[in-house]
$ cat upload-v1.tsv   # TSV, C-alpha atoms
chain	number	residue	atom	x	y	z
A	246	MET	CA	31.73	6.31	-42.25
A	247	GLU	CA	33.43	5.12	-39.06
A	248	ASN	CA	32.69	8.47	-37.44
A	249	VAL	CA	29.02	8.07	-38.38
A	250	PHE	CA	28.81	4.63	-36.78
A	251	GLU	CA	30.68	5.89	-33.73
A	252	LYS	CA	28.25	8.77	-33.31
A	253	ILE	CA	25.29	6.42	-33.71
A	254	TYR	CA	26.77	4.12	-31.07
A	255	GLN	CA	27.35	7.06	-28.72
A	256	MET	CA	23.77	8.15	-29.29
A	257	THR	CA	22.47	4.85	-27.92
A	258	ALA	CA	22.50	3.66	-24.31
A	259	PHE	CA	24.59	0.54	-25.10
A	260	SER	CA	27.88	1.96	-23.86
A	261	ASP	CA	26.43	3.01	-20.50
A	262	ILE	CA	24.65	-0.33	-20.01
A	263	ILE	CA	27.84	-2.25	-20.84
A	264	ALA	CA	29.83	-0.02	-18.46
A	265	ASP	CA	27.32	-0.62	-15.64
A	266	PRO	CA	25.58	-4.04	-15.95
A	267	ARG	CA	23.46	-3.21	-12.88
A	268	PHE	CA	21.00	-1.65	-15.32
A	269	LEU	CA	20.20	-5.19	-16.48
A	270	ILE	CA	19.10	-6.07	-12.94
A	271	MET	CA	16.68	-3.15	-12.94
A	272	TYR	CA	15.28	-4.21	-16.33
A	273	ALA	CA	14.78	-7.72	-14.98
A	274	LEU	CA	12.94	-6.29	-11.95
A	275	ALA	CA	10.71	-4.17	-14.20
A	276	PHE	CA	9.90	-7.16	-16.42
A	277	LEU	CA	9.12	-9.30	-13.37
A	278	LEU	CA	6.73	-6.70	-11.98
A	279	LEU	CA	5.09	-6.32	-15.40
A	280	TYR	CA	4.69	-10.11	-15.58
A	281	LEU	CA	3.04	-10.20	-12.15
A	282	GLY	CA	0.73	-7.35	-13.06
A	283	ILE	CA	-0.23	-8.46	-16.57
A	284	LYS	CA	-0.03	-12.25	-16.59
A	285	LYS	CA	-0.72	-13.04	-12.93
A	286	GLU	CA	-3.12	-10.09	-12.55
A	287	PHE	CA	-1.62	-9.09	-9.18
A	288	GLU	CA	-2.94	-5.54	-8.58
A	289	PRO	CA	-2.41	-4.53	-12.26
A	290	LEU	CA	-3.80	-1.01	-11.73
A	291	LEU	CA	-0.87	-0.31	-9.42
A	292	LEU	CA	1.84	-2.75	-10.41
A	293	VAL	CA	1.82	-2.00	-14.15
A	294	PRO	CA	2.42	1.80	-13.77
A	295	ILE	CA	5.08	1.20	-11.10
A	296	ALA	CA	6.85	-1.43	-13.19
A	297	PHE	CA	6.82	0.78	-16.27
A	298	GLY	CA	8.17	3.65	-14.18
A	299	VAL	CA	11.06	1.42	-13.08
A	300	LEU	CA	11.73	0.50	-16.71
A	301	ILE	CA	11.82	3.99	-18.22
A	302	ALA	CA	13.79	5.42	-15.29
A	303	ASN	CA	16.76	3.13	-15.92
A	304	PHE	CA	17.63	3.92	-19.53
A	305	PRO	CA	20.84	6.02	-19.42
A	306	GLY	CA	20.35	9.39	-21.02
A	307	GLY	CA	16.56	9.15	-20.94
A	308	GLY	CA	16.22	11.62	-18.09
A	309	MET	CA	13.18	9.83	-16.67
A	310	GLY	CA	14.63	8.81	-13.32
A	311	VAL	CA	13.69	10.78	-10.22
A	312	LEU	CA	16.64	12.52	-8.57
A	313	GLY	CA	16.47	12.17	-4.82
A	314	ALA	CA	17.37	15.23	-2.76
A	315	ASP	CA	19.97	14.91	0.02
A	316	GLY	CA	19.46	16.03	3.62
A	317	ASP	CA	19.95	19.68	2.59
A	318	GLY	CA	17.44	19.42	-0.24
A	319	LEU	CA	20.16	19.47	-2.91
A	320	VAL	CA	19.88	17.56	-6.18
A	321	HIS	CA	22.95	17.00	-8.34
A	322	TYR	CA	22.58	16.88	-12.11
A	323	MET	CA	24.38	17.70	-15.35
A	324	LYS	CA	23.52	20.96	-17.10
A	325	ASP	CA	25.38	22.06	-20.21
A	326	GLY	CA	28.11	19.55	-19.45
A	327	VAL	CA	28.65	20.87	-15.90
A	328	MET	CA	27.60	19.18	-12.64
A	329	VAL	CA	25.13	21.47	-10.86
A	330	ALA	CA	23.79	21.28	-7.29
A	331	LYS	CA	20.54	23.11	-6.50
A	332	ASN	CA	18.01	23.12	-3.68
A	333	VAL	CA	15.07	21.43	-5.36
A	334	TYR	CA	12.60	22.95	-2.91
A	335	GLU	CA	13.60	26.43	-4.02
A	336	MET	CA	13.38	25.65	-7.73
A	337	PRO	CA	10.16	26.75	-9.46
A	338	LEU	CA	8.21	23.93	-11.10
A	339	PRO	CA	8.94	25.13	-14.69
A	340	GLU	CA	12.67	24.95	-13.92
A	341	ILE	CA	12.30	21.44	-12.46
A	342	ALA	CA	10.44	20.38	-15.59
A	343	HIS	CA	13.06	21.94	-17.87
A	344	ASP	CA	16.23	20.88	-16.05
A	345	LEU	CA	15.20	17.61	-14.38
A	346	GLY	CA	12.51	16.27	-16.70
A	347	LEU	CA	8.91	15.07	-16.62
A	348	MET	CA	9.13	12.49	-13.83
A	349	ASN	CA	10.86	14.85	-11.43
A	350	TYR	CA	8.16	17.45	-12.13
A	351	ILE	CA	5.39	14.94	-11.32
A	352	TYR	CA	7.26	13.61	-8.30
A	353	TYR	CA	8.04	16.92	-6.62
A	354	ALA	CA	4.72	18.57	-7.52
A	355	LEU	CA	2.38	15.68	-6.65
A	356	ILE	CA	4.20	13.07	-4.56
A	357	LYS	CA	6.80	14.97	-2.52
A	358	SER	CA	4.15	17.55	-1.65
A	359	GLY	CA	2.08	14.77	-0.08
A	360	LEU	CA	-0.88	15.53	-2.36
A	361	LEU	CA	-1.60	12.22	-4.09
A	362	PRO	CA	-1.78	9.71	-1.18
A	363	PRO	CA	-4.74	11.51	0.50
A	364	ILE	CA	-6.39	11.97	-2.91
A	365	ILE	CA	-6.13	8.22	-3.51
A	366	PHE	CA	-7.54	7.61	-0.04
A	367	MET	CA	-10.55	9.71	-1.03
A	368	GLY	CA	-11.07	7.41	-4.01
A	369	VAL	CA	-10.61	4.32	-1.84
A	370	GLY	CA	-13.25	5.65	0.55
A	371	ALA	CA	-15.65	6.21	-2.31
A	372	LEU	CA	-15.17	2.59	-3.38
A	373	THR	CA	-15.44	1.12	0.14
A	374	ASP	CA	-18.60	-0.25	1.71
A	375	PHE	CA	-18.42	-0.18	5.52
A	376	GLY	CA	-21.73	-2.02	5.74
A	377	PRO	CA	-20.24	-5.47	6.49
A	378	MET	CA	-18.16	-3.99	9.31
A	379	LEU	CA	-21.09	-2.08	10.80
A	380	ARG	CA	-23.21	-5.24	10.79
A	381	ASN	CA	-20.43	-7.14	12.59
A	382	LEU	CA	-18.77	-4.48	14.71
A	383	LYS	CA	-17.18	-7.08	17.01
A	384	LEU	CA	-15.11	-8.30	14.07
A	385	ALA	CA	-13.73	-4.81	13.42
A	386	ILE	CA	-11.28	-5.30	16.28
A	387	PHE	CA	-9.23	-7.59	14.06
A	388	GLY	CA	-8.48	-4.59	11.88
A	389	ALA	CA	-6.55	-3.30	14.88
A	390	GLY	CA	-5.03	-6.65	15.82
A	391	ALA	CA	-3.55	-7.04	12.37
A	392	GLN	CA	-1.46	-3.89	12.90
A	393	PHE	CA	0.71	-5.97	15.23
A	394	GLY	CA	3.28	-6.44	12.46
A	395	ILE	CA	3.84	-2.69	12.22
A	396	PHE	CA	4.91	-2.23	15.81
A	397	ALA	CA	6.71	-5.58	16.10
A	398	VAL	CA	8.93	-4.80	13.11
A	399	LEU	CA	9.39	-1.21	14.33
A	400	LEU	CA	11.14	-2.54	17.44
A	401	VAL	CA	13.35	-4.90	15.44
A	402	ALA	CA	14.14	-2.47	12.61
A	403	SER	CA	15.12	0.26	15.08
A	404	GLN	CA	18.25	-1.81	15.80
A	405	PHE	CA	19.42	-1.44	12.19
A	406	PHE	CA	17.84	1.84	11.01
A	407	THR	CA	17.06	5.20	12.54
A	408	MET	CA	13.67	5.33	14.26
A	409	GLN	CA	12.24	7.37	11.39
A	410	GLU	CA	13.49	4.87	8.82
A	411	ALA	CA	12.25	1.98	10.97
A	412	GLY	CA	8.80	3.58	11.17
A	413	SER	CA	8.65	3.96	7.40
A	414	LEU	CA	9.69	0.33	6.97
A	415	ALA	CA	7.25	-0.96	9.58
A	416	ILE	CA	4.20	0.72	8.02
A	417	ILE	CA	4.51	-1.74	5.12
A	418	GLY	CA	2.81	-4.18	7.52
A	419	GLY	CA	-0.40	-2.19	7.11
A	420	ALA	CA	-0.64	-3.46	3.51
A	421	ASP	CA	-1.57	-0.04	2.17
A	422	GLY	CA	0.54	1.63	-0.52
A	423	PRO	CA	-0.69	5.24	-0.14
A	424	THR	CA	-0.32	5.00	3.65
A	425	ALA	CA	3.25	3.71	3.28
A	426	ILE	CA	4.08	6.54	0.86
A	427	PHE	CA	2.48	9.21	3.06
A	428	THR	CA	4.29	7.97	6.18
A	429	THR	CA	7.63	7.70	4.39
A	430	LEU	CA	7.33	11.23	3.01
A	431	LYS	CA	6.92	12.46	6.57
A	432	LEU	CA	9.60	10.33	8.23
A	433	ALA	CA	12.22	9.14	5.72
A	434	PRO	CA	11.61	10.57	2.23
A	435	HIS	CA	14.95	9.25	0.93
A	436	LEU	CA	13.56	5.70	1.28
A	437	LEU	CA	10.36	6.38	-0.69
A	438	GLY	CA	11.31	4.32	-3.75
A	439	PRO	CA	12.19	0.98	-2.14
A	440	ILE	CA	9.44	1.24	0.49
A	441	ALA	CA	6.78	1.98	-2.13
A	442	ILE	CA	7.96	-0.89	-4.30
A	443	ALA	CA	8.03	-3.28	-1.32
A	444	ALA	CA	4.59	-2.17	-0.11
A	445	TYR	CA	2.87	-2.53	-3.48
A	446	SER	CA	4.71	-5.74	-4.33
A	447	TYR	CA	3.61	-7.42	-1.11
A	448	MET	CA	0.06	-6.13	-1.61
A	449	ALA	CA	0.12	-7.81	-5.01
A	450	LEU	CA	1.42	-11.00	-3.40
A	451	VAL	CA	-1.46	-11.24	-0.91
A	452	PRO	CA	-2.70	-14.42	-2.68
A	453	VAL	CA	0.66	-16.00	-1.85
A	454	ILE	CA	1.47	-14.59	1.60
A	455	ILE	CA	-1.89	-15.10	3.36
A	456	PRO	CA	-2.14	-18.83	2.48
A	457	LEU	CA	1.48	-19.30	3.60
A	458	VAL	CA	0.92	-17.72	7.04
A	459	VAL	CA	-2.45	-19.48	7.47
A	460	LYS	CA	-0.89	-22.84	6.68
A	461	LEU	CA	1.84	-22.28	9.27
A	462	THR	CA	-0.47	-21.10	12.06
A	463	CYS	CA	-3.93	-22.66	11.63
A	464	ARG	CA	-5.35	-26.16	11.97
A	465	LYS	CA	-7.91	-27.65	9.59
A	466	LYS	CA	-10.53	-27.74	12.36
A	467	GLU	CA	-10.16	-23.99	12.90
A	468	LEU	CA	-10.40	-23.19	9.20
A	469	MET	CA	-13.66	-25.16	8.99
A	470	ILE	CA	-15.46	-22.99	11.52
A	471	ASN	CA	-18.66	-21.95	9.76
A	472	MET	CA	-19.52	-18.38	10.67
A	473	LYS	CA	-23.13	-18.64	9.46
A	474	GLU	CA	-23.73	-21.65	11.68
A	475	GLN	CA	-22.20	-19.76	14.58
A	476	ASP	CA	-24.61	-16.89	13.90
A	477	LYS	CA	-27.55	-19.31	14.07
A	478	LEU	CA	-26.34	-20.80	17.35
A	479	TYR	CA	-25.48	-17.43	18.87
A	480	PRO	CA	-27.46	-14.74	17.01
A	481	ASN	CA	-26.35	-11.13	17.24
A	482	LYS	CA	-28.43	-9.10	19.67
A	483	GLN	CA	-27.36	-5.88	18.03
A	484	GLU	CA	-29.57	-4.81	15.11
A	485	PHE	CA	-29.61	-1.53	13.21
A	486	LYS	CA	-33.00	-0.52	11.87
A	487	ASN	CA	-31.79	2.30	9.62
A	488	MET	CA	-28.50	1.24	8.06
A	489	ARG	CA	-28.46	4.16	5.59
A	490	VAL	CA	-28.44	6.74	8.38
A	491	LEU	CA	-25.73	4.81	10.20
A	492	LYS	CA	-23.58	4.68	7.04
A	493	ILE	CA	-23.87	8.48	6.68
A	494	VAL	CA	-23.15	9.20	10.34
A	495	PHE	CA	-20.24	6.74	10.50
A	496	PRO	CA	-17.66	8.64	8.33
A	497	ILE	CA	-18.51	11.91	10.09
A	498	ALA	CA	-18.14	10.34	13.53
A	499	VAL	CA	-14.89	8.50	12.68
A	500	THR	CA	-13.29	11.64	11.25
A	501	THR	CA	-14.22	13.64	14.35
A	502	ILE	CA	-12.92	11.00	16.78
A	503	VAL	CA	-9.66	10.40	14.89
A	504	ALA	CA	-9.07	14.14	14.49
A	505	ILE	CA	-9.27	14.58	18.25
A	506	ILE	CA	-7.23	11.52	19.26
A	507	VAL	CA	-4.66	11.24	16.43
A	508	PRO	CA	-4.55	14.55	14.51
A	509	ASP	CA	-1.65	13.36	12.33
A	510	ALA	CA	-3.94	10.71	10.80
A	511	VAL	CA	-6.59	13.19	9.64
A	512	ALA	CA	-5.05	13.71	6.19
A	513	LEU	CA	-5.62	10.03	5.39
A	514	VAL	CA	-8.64	9.11	7.50
A	515	GLY	CA	-10.42	12.38	6.76
A	516	MET	CA	-10.10	11.98	2.99
A	517	LEU	CA	-11.02	8.29	3.25
A	518	MET	CA	-14.20	9.14	5.13
A	519	PHE	CA	-15.02	12.10	2.88
A	520	GLY	CA	-14.96	9.82	-0.16
A	521	ASN	CA	-17.14	7.30	1.66
A	522	LEU	CA	-19.59	10.01	2.70
A	523	LEU	CA	-20.02	11.07	-0.94
A	524	LYS	CA	-20.90	7.46	-1.75
A	525	GLU	CA	-23.38	6.98	1.07
A	526	ILE	CA	-25.30	10.24	0.62
A	527	GLY	CA	-26.48	8.96	-2.74
A	528	ALA	CA	-28.04	10.83	-5.65
A	529	ASN	CA	-27.37	14.33	-4.29
A	530	THR	CA	-23.62	13.81	-4.43
A	531	SER	CA	-23.47	11.24	-7.23
A	532	ARG	CA	-21.43	13.53	-9.51
A	533	LEU	CA	-18.83	14.08	-6.81
A	534	PHE	CA	-18.78	10.37	-6.01
A	535	ASP	CA	-18.25	9.52	-9.67
A	536	ALA	CA	-15.35	11.99	-9.94
A	537	ALA	CA	-13.70	10.75	-6.74
A	538	SER	CA	-14.01	7.05	-7.59
A	539	ASN	CA	-13.23	7.26	-11.31
A	540	GLY	CA	-11.55	10.22	-12.99
A	541	ILE	CA	-9.62	11.66	-10.05
A	542	MET	CA	-8.74	8.26	-8.61
A	543	ASN	CA	-7.53	6.88	-11.94
A	544	ALA	CA	-5.42	9.93	-12.78
A	545	ALA	CA	-3.86	9.94	-9.29
A	546	THR	CA	-3.06	6.24	-9.55
A	547	ILE	CA	-1.31	6.70	-12.90
A	548	PHE	CA	0.86	9.59	-11.73
A	549	LEU	CA	1.66	7.95	-8.40
A	550	GLY	CA	2.57	4.62	-9.96
A	551	LEU	CA	4.81	6.01	-12.70
A	552	SER	CA	6.64	8.52	-10.51
A	553	VAL	CA	7.16	6.10	-7.62
A	554	GLY	CA	8.52	3.54	-10.05
A	555	ALA	CA	10.81	6.20	-11.49
A	556	THR	CA	12.45	6.66	-8.09
A	557	MET	CA	13.84	3.12	-8.43
A	558	THR	CA	17.07	3.98	-10.19
A	559	VAL	CA	20.22	1.86	-9.98
A	560	GLU	CA	21.73	4.11	-7.31
A	561	ALA	CA	18.59	4.17	-5.17
A	562	PHE	CA	17.70	0.49	-5.36
A	563	LEU	CA	20.82	-1.66	-5.54
A	564	ASN	CA	22.18	-1.25	-2.02
A	565	TRP	CA	22.00	-3.02	1.35
A	566	THR	CA	19.46	-0.58	2.71
A	567	THR	CA	16.97	-1.59	0.04
A	568	ILE	CA	17.60	-5.28	0.68
A	569	GLY	CA	16.91	-4.68	4.37
A	570	ILE	CA	13.67	-2.88	3.50
A	571	VAL	CA	12.48	-5.71	1.27
A	572	ALA	CA	13.23	-8.30	3.99
A	573	GLY	CA	11.77	-6.17	6.77
A	574	GLY	CA	8.67	-5.39	4.74
A	575	PHE	CA	7.98	-9.09	4.25
A	576	LEU	CA	8.29	-9.67	8.00
A	577	ALA	CA	5.97	-6.75	8.76
A	578	PHE	CA	3.40	-8.07	6.30
A	579	GLY	CA	3.61	-11.61	7.63
A	580	PHE	CA	3.51	-10.54	11.29
A	581	SER	CA	0.40	-8.43	10.64
A	582	ILE	CA	-1.42	-11.47	9.29
A	583	PHE	CA	-0.07	-13.52	12.19
A	584	GLY	CA	-1.23	-10.90	14.71
A	585	GLY	CA	-4.79	-10.96	13.39
A	586	ILE	CA	-4.91	-14.77	13.50
A	587	MET	CA	-3.52	-14.92	17.04
A	588	LEU	CA	-6.09	-12.40	18.26
A	589	VAL	CA	-8.86	-14.65	16.92
A	590	LYS	CA	-7.33	-17.67	18.62
A	591	ILE	CA	-7.17	-15.81	21.94
A	592	MET	CA	-10.77	-14.64	21.68
A	593	ASN	CA	-11.95	-18.17	20.84
A	594	LEU	CA	-10.54	-19.35	24.17
A	595	PHE	CA	-13.00	-17.14	26.07
A	596	THR	CA	-16.16	-17.06	23.92
A	597	LYS	CA	-18.76	-19.64	23.02
A	598	LYS	CA	-19.26	-18.16	19.56
A	599	LYS	CA	-16.18	-19.21	17.60
A	600	ILE	CA	-14.58	-17.15	14.88
A	601	ASN	CA	-12.75	-18.50	11.86
A	602	PRO	CA	-9.07	-17.43	12.03
A	603	LEU	CA	-9.32	-16.33	8.41
A	604	VAL	CA	-11.30	-13.33	9.65
A	605	GLY	CA	-8.25	-12.25	11.64
A	606	ALA	CA	-5.93	-12.89	8.71
A	607	THR	CA	-7.79	-10.27	6.68
A	608	GLY	CA	-7.39	-7.37	9.11
A	609	LEU	CA	-5.09	-5.83	6.50
A	610	SER	CA	-5.77	-2.82	4.34
A	611	ALA	CA	-5.60	-4.83	1.10
A	612	VAL	CA	-9.31	-4.55	0.25
A	613	PRO	CA	-10.97	-6.65	-1.10
A	614	MET	CA	-8.21	-9.00	-2.26
A	615	ALA	CA	-7.41	-10.29	1.23
A	616	SER	CA	-11.06	-11.19	1.84
A	617	ARG	CA	-11.36	-13.00	-1.49
A	618	VAL	CA	-8.21	-14.99	-0.78
A	619	ALA	CA	-9.45	-15.96	2.69
A	620	ASN	CA	-12.83	-16.99	1.29
A	621	ASP	CA	-11.13	-19.23	-1.28
A	622	ILE	CA	-9.13	-20.91	1.49
A	623	ALA	CA	-12.29	-21.57	3.52
A	624	LEU	CA	-14.10	-23.04	0.50
A	625	LYS	CA	-11.26	-25.53	-0.06
A	626	TYR	CA	-11.98	-27.08	3.33
A	627	ASP	CA	-15.77	-26.74	3.14
A	628	PRO	CA	-17.54	-25.77	-0.13
A	629	LYS	CA	-20.44	-24.33	1.90
A	630	ASN	CA	-18.32	-22.19	4.21
A	631	HIS	CA	-18.54	-18.69	2.73
A	632	VAL	CA	-16.69	-16.26	5.00
A	633	LEU	CA	-16.35	-13.34	2.57
A	634	ASN	CA	-18.74	-10.93	4.33
A	635	TYR	CA	-17.19	-11.67	7.72
A	636	CYS	CA	-13.68	-11.17	6.37
A	637	MET	CA	-14.73	-7.87	4.81
A	638	SER	CA	-15.66	-6.64	8.29
A	639	SER	CA	-12.07	-6.86	9.49
A	640	ASN	CA	-10.67	-6.01	6.07
A	641	VAL	CA	-12.31	-2.57	5.80
A	642	ALA	CA	-11.51	-1.95	9.48
A	643	GLY	CA	-7.88	-2.57	8.54
A	644	VAL	CA	-7.99	0.42	6.18
A	645	ILE	CA	-8.84	2.67	9.09
A	646	GLY	CA	-6.42	0.84	11.40
A	647	SER	CA	-3.42	1.28	9.09
A	648	ALA	CA	-4.14	4.99	8.64
A	649	VAL	CA	-4.41	5.50	12.41
A	650	ALA	CA	-1.19	3.52	12.92
A	651	ALA	CA	0.51	5.81	10.39
A	652	GLY	CA	-0.72	8.84	12.31
A	653	ILE	CA	0.68	7.43	15.55
A	654	LEU	CA	4.08	6.78	13.96
A	655	ILE	CA	4.22	10.27	12.45
A	656	SER	CA	3.17	11.82	15.77
A	657	PHE	CA	5.84	10.02	17.79
A	658	LEU	CA	8.68	9.88	15.25
A	659	GLY	CA	8.10	12.87	12.99

$ encode --input "upload-v1.tsv" --output "structure tokens"
Amino acid sequence: MENVFEKIYQMTAFSDIIADPRFLIMYALAFLLLYLGIKKEFEPLLLVPIAFGVLIANFPGGGMGVLGADGDGLVHYMKDGVMVAKNVYEMPLPEIAHDLGLMNYIYYALIKSGLLPPIIFMGVGALTDFGPMLRNLKLAIFGAGAQFGIFAVLLVASQFFTMQEAGSLAIIGGADGPTAIFTTLKLAPHLLGPIAIAAYSYMALVPVIIPLVVKLTCRKKELMINMKEQDKLYPNKQEFKNMRVLKIVFPIAVTTIVAIIVPDAVALVGMLMFGNLLKEIGANTSRLFDAASNGIMNAATIFLGLSVGATMTVEAFLNWTTIGIVAGGFLAFGFSIFGGIMLVKIMNLFTKKKINPLVGATGLSAVPMASRVANDIALKYDPKNHVLNYCMSSNVAGVIGSAVAAGILISFLG
């Protein structure tokens, strides 16, 4: 009977968890992320799959954690009681599935190959309306200004990390999960887990971070600037008679320009604009638009979330490098918001038509959450001051800006 109980005990994960209590920290992290996604509703479509991936990856013996390859592409794992080292890039996918498990199969087939981030960008493009930006093109510049955090943190992080690692860390300031993943795969793939977690966590915390930075940098008088009243005092001279044609031409033109100037950004910007083009054409491409924005997008999000979460094993997460990434990512995120606000303040010094700093604070890629948060802040100071459409102008520009910034980093550091 004692042998039976001993075998049952050995069958469970209790002994491994007791031997290494760090597993409890990972469970706590998974539960926290699930709480934020389910209860607080912070980006649940992303945070819930990632959190569940973290959870299932950290049960000893479950075989659901992603094994990171070293600089030579070798993964080390137990097979028939013997430690084996193989080059994962030379292993056929059926062997990866058999020897390393489901999550490693998904990770190396879909994530490590760089397939899913551009696919998700296609879905994002299909769900994005560039109309507000095209009607207020002058506000699109704040989508570039808000990338300040990326390059500011790059300079600081380069003192503690390699330039490639610093670039992967800095891109978190763009507030775009797929962009952060794509850039990290190109520059520092061994940091994919912590960078993805940091990027998506800070995206989910947009309702907390934007108000904090705004409170530290903006005065009440500035936050009460009414953009609609400014439009009445200083009406826009630029009017587009055929907005539909412009919306169709825009993704084609942007792709062409970016492909010439920053070729490394085409994978992201091109797929983003292709998805948007399917949306704007209308009935003739409605089936493709529906696939890109629903079925394909949803499936890609599930696989990306689970497999990225599964990279967050005890060995990969609980180290000083990860702590540095979490801290640096917060600074990049905060500095990006700060950069957009400062650009507005500078422009207001030289123009009669004033701009609410909240428009600059939303030059991030977190669409449309950043704009909704900024609009809520404006309404607290003036119930009639709706800035949502103006914030969306810089917000959607930030999607393009972060992708271009990623292309620049890959071009210079890759």

$ residues_around --input "upload-v1.tsv" --residues "Gly652 of chain A" --least-positions-apart "4" --cutoff "10 Å" --atoms "all atoms listed in the file" --output "number ranges by chain"
A: 424, 427-428, 503, 506-514, 646-648, 656-659

$ write_last_selection --input "upload-v1.tsv" --atoms "C-alpha atoms" --output "PDB file, in the frame of the given file"
ATOM      1  CA  THR A 424      -0.320   5.000   3.650  1.00  0.00           C
ATOM      2  CA  PHE A 427       2.480   9.210   3.060  1.00  0.00           C
ATOM      3  CA  THR A 428       4.290   7.970   6.180  1.00  0.00           C
ATOM      4  CA  VAL A 503      -9.660  10.400  14.890  1.00  0.00           C
ATOM      5  CA  ILE A 506      -7.230  11.520  19.260  1.00  0.00           C
ATOM      6  CA  VAL A 507      -4.660  11.240  16.430  1.00  0.00           C
ATOM      7  CA  PRO A 508      -4.550  14.550  14.510  1.00  0.00           C
ATOM      8  CA  ASP A 509      -1.650  13.360  12.330  1.00  0.00           C
ATOM      9  CA  ALA A 510      -3.940  10.710  10.800  1.00  0.00           C
ATOM     10  CA  VAL A 511      -6.590  13.190   9.640  1.00  0.00           C
ATOM     11  CA  ALA A 512      -5.050  13.710   6.190  1.00  0.00           C
ATOM     12  CA  LEU A 513      -5.620  10.030   5.390  1.00  0.00           C
ATOM     13  CA  VAL A 514      -8.640   9.110   7.500  1.00  0.00           C
ATOM     14  CA  GLY A 646      -6.420   0.840  11.400  1.00  0.00           C
ATOM     15  CA  SER A 647      -3.420   1.280   9.090  1.00  0.00           C
ATOM     16  CA  ALA A 648      -4.140   4.990   8.640  1.00  0.00           C
ATOM     17  CA  SER A 656       3.170  11.820  15.770  1.00  0.00           C
ATOM     18  CA  PHE A 657       5.840  10.020  17.790  1.00  0.00           C
ATOM     19  CA  LEU A 658       8.680   9.880  15.250  1.00  0.00           C
ATOM     20  CA  GLY A 659       8.100  12.870  12.990  1.00  0.00           C
TER      21      GLY A 659
END

$ residues_around --input "upload-v1.tsv" --residues "Pro434 of chain A" --least-positions-apart "5" --cutoff "10 Å" --atoms "all atoms listed in the file" --output "PDB file with C-alpha atoms, in the coordinates of the input"
ATOM      1  CA  GLY A 313      16.470  12.170  -4.820  1.00  0.00           C
ATOM      2  CA  ALA A 314      17.370  15.230  -2.760  1.00  0.00           C
ATOM      3  CA  ASP A 315      19.970  14.910   0.020  1.00  0.00           C
ATOM      4  CA  GLY A 316      19.460  16.030   3.620  1.00  0.00           C
ATOM      5  CA  LYS A 357       6.800  14.970  -2.520  1.00  0.00           C
ATOM      6  CA  GLN A 409      12.240   7.370  11.390  1.00  0.00           C
ATOM      7  CA  GLU A 410      13.490   4.870   8.820  1.00  0.00           C
ATOM      8  CA  SER A 413       8.650   3.960   7.400  1.00  0.00           C
ATOM      9  CA  ILE A 426       4.080   6.540   0.860  1.00  0.00           C
ATOM     10  CA  PHE A 427       2.480   9.210   3.060  1.00  0.00           C
ATOM     11  CA  THR A 428       4.290   7.970   6.180  1.00  0.00           C
ATOM     12  CA  THR A 429       7.630   7.700   4.390  1.00  0.00           C
ATOM     13  CA  ILE A 440       9.440   1.240   0.490  1.00  0.00           C
TER      14      ILE A 440
END

$ closest_residue --input "upload-v1.tsv" --among "A:Leu522, A:Leu281, A:Leu292, A:Ala615" --to "Ile454 of chain A" --atoms "all atoms listed in the file"
A:Ala615

$ closest_residue --input "upload-v1.tsv" --among "A:Met469, A:Met348, A:Ile416, A:Val299" --to "Leu624 of chain A" --atoms "only C-alpha atoms"
A:Met469

$ atom_distance --input "upload-v1.tsv" --atom1 "atom CA of Ser616 of chain A" --atom2 "atom CA of Leu361 of chain A"
25.9 Å

$ residues_around --input "upload-v1.tsv" --residues "segment 470-479 of chain A" --least-positions-apart "2" --cutoff "9 Å" --atoms "only C-alpha atoms" --output "PDB file with C-alpha atoms, in the frame of the given file"
ATOM      1  CA  LYS A 466     -10.530 -27.740  12.360  1.00  0.00           C
ATOM      2  CA  GLU A 467     -10.160 -23.990  12.900  1.00  0.00           C
ATOM      3  CA  LEU A 468     -10.400 -23.190   9.200  1.00  0.00           C
ATOM      4  CA  ASN A 481     -26.350 -11.130  17.240  1.00  0.00           C
ATOM      5  CA  LYS A 482     -28.430  -9.100  19.670  1.00  0.00           C
ATOM      6  CA  LYS A 597     -18.760 -19.640  23.020  1.00  0.00           C
ATOM      7  CA  LYS A 598     -19.260 -18.160  19.560  1.00  0.00           C
ATOM      8  CA  LYS A 599     -16.180 -19.210  17.600  1.00  0.00           C
ATOM      9  CA  ILE A 600     -14.580 -17.150  14.880  1.00  0.00           C
ATOM     10  CA  ASN A 601     -12.750 -18.500  11.860  1.00  0.00           C
ATOM     11  CA  PRO A 602      -9.070 -17.430  12.030  1.00  0.00           C
ATOM     12  CA  ALA A 623     -12.290 -21.570   3.520  1.00  0.00           C
ATOM     13  CA  ASP A 627     -15.770 -26.740   3.140  1.00  0.00           C
ATOM     14  CA  LYS A 629     -20.440 -24.330   1.900  1.00  0.00           C
ATOM     15  CA  ASN A 630     -18.320 -22.190   4.210  1.00  0.00           C
ATOM     16  CA  HIS A 631     -18.540 -18.690   2.730  1.00  0.00           C
ATOM     17  CA  VAL A 632     -16.690 -16.260   5.000  1.00  0.00           C
ATOM     18  CA  TYR A 635     -17.190 -11.670   7.720  1.00  0.00           C
TER      19      TYR A 635
END
